[in-house]
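**Student:** Here you go, one structure.
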Amino acid sequence: MIHTWLARLLKHSAPLAALLVSALTLAALRRRLRLARTRIFWPVAFGVFQAAGLEDCDAWIQHGSTSIMIHSFAVAYVSFSLAVLSGRHRHLPELIRAALLHDYFLYDWHDKHNGHRWHGFFHPRVALQNAEARFQLSRREADAILRHMFPLTLVPPVYTEGWILTLADKVCSTYETLARRNPYPHLQKQIKRLRSLAIRQEQARTAQSLEPESGGPACRLKGSVPWPAS
């Protein structure tokens with residue numbers, strides 16, 4: 001009698017228990033992603049945004065109606081999310097930097113009459129050269145940028161981060177080509193906040209240089225980027 005009751009209880013409670021475990025696991029993953037986004041992704045992205053002048057890339061279209069800057073941020077965020085959700089935390093800053101700079105070629109690739117006919121094959125090396133002119137890249141970052149167009153580049157990425165970037169780039173490129181209008185609306189709002197923060201920091205540095213003894217607002221903006229959780 002007791003065994004029959006336990007068997008029925010287990011039979012009917014197993015789906016509910018599995019659903020509860022799935023919900024708790026999903027909630028834990030979302031919390032992990034949210035914390036990593038606030039503490040790692042946006043601070044790293046902010047540094048690259050300022051140092052590389054990525055806003056200049058907003059003038060050139062990548063796919064559909066998506067600019068190179070928005071595409072780079074989208075690839076960086078998708079790469080970051082894939083790494084966090086798969087437990088690849090060790091090299092997150094390198095992955096984010098590589099993703100933001102993977103298309104740092106600084107020209108309009110649609111202009112085929114200006115030497116860009118074979119853009120798909122050669123732009124990773126141009127992007128790497130431009131990135132190395134501004135940053136001291138690790139081997140992992142350089143490899144991810146150079147090999148992100150595999151199989152067009154023939155030689156595959158060496159590191160896991162390179163494979164993640166390659167996958168994220170293809171996913172985002174497909175979405176941008178199909179979506180065409182207003183891609184990544186939430187991400188664009190976050191980038192707008194990033195721009196505002198960059199302007200505030202620039203104003204703070206200017207105020208500090210004009211009033212070196214006052215401390216001013218620049219002191220409050222030093223250290224980690226004050227990026228609120230989203």
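Labeling convention for the structure tokens: chains A, B, ... as they appear, residues from 1 per chain, ligands from 1 in order of appearance.
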For stretch 41-57 of chain A, work out the shell of residues within 9 Å, counting only C-alpha atoms and skipping chain neighbours fewer than 3 positions away, then give it as number ranges by chain.
**Tutor:** A: 36-38, 60-61, 67-70, 72-73, 76-77, 80, 92-93, 96-97, 100-101, 104, 106-107, 131, 134-135, 194-195, 197-198, 224-227
**Student:** Quick one: everything within 10 Å of A:Leu187, counting only C-alpha atoms, minus sequence neighbours fewer than 3 positions away in the same chain. Send it as a PDB file with C-alpha atoms, in the first residue's frame.
**Tutor:**
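See part13.pdb below for the written result:
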ATOM      1  CA  ILE A  70      26.126  48.514 -33.535  1.00  0.00           C
ATOM      2  CA  PHE A  73      28.479  45.701 -29.894  1.00  0.00           C
ATOM      3  CA  ALA A  74      25.896  43.058 -30.820  1.00  0.00           C
ATOM      4  CA  TYR A  77      27.211  40.936 -26.332  1.00  0.00           C
ATOM      5  CA  PRO A 183      17.848  45.894 -35.029  1.00  0.00           C
ATOM      6  CA  TYR A 184      18.757  45.453 -31.339  1.00  0.00           C
ATOM      7  CA  GLN A 190      22.304  50.895 -23.687  1.00  0.00           C
ATOM      8  CA  ILE A 191      24.825  52.263 -26.189  1.00  0.00           C
ATOM      9  CA  LYS A 192      23.112  55.643 -25.935  1.00  0.00           C
ATOM     10  CA  ARG A 193      23.732  55.524 -22.182  1.00  0.00           C
TER      11      ARG A 193
END
**Student:** I need the residue nearest A:Gly162 from this list: A:Arg181, A:His63, A:Arg139, A:Arg30. Use only C-alpha atoms for the distance.
**Tutor:**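 When distances to A:Gly162 are compared using only C-alpha atoms, the smallest one comes from A:Arg139.
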**Student:** Find the residues near A:Ser79: any atom within 9 Å, counting only C-alpha atoms, skip ones fewer than 2 places away on the same chain, and give them as an NGL selection string.
**Tutor:** :A and (74-77 or 81-84 or 95-96 or 99 or 161 or 164-169)
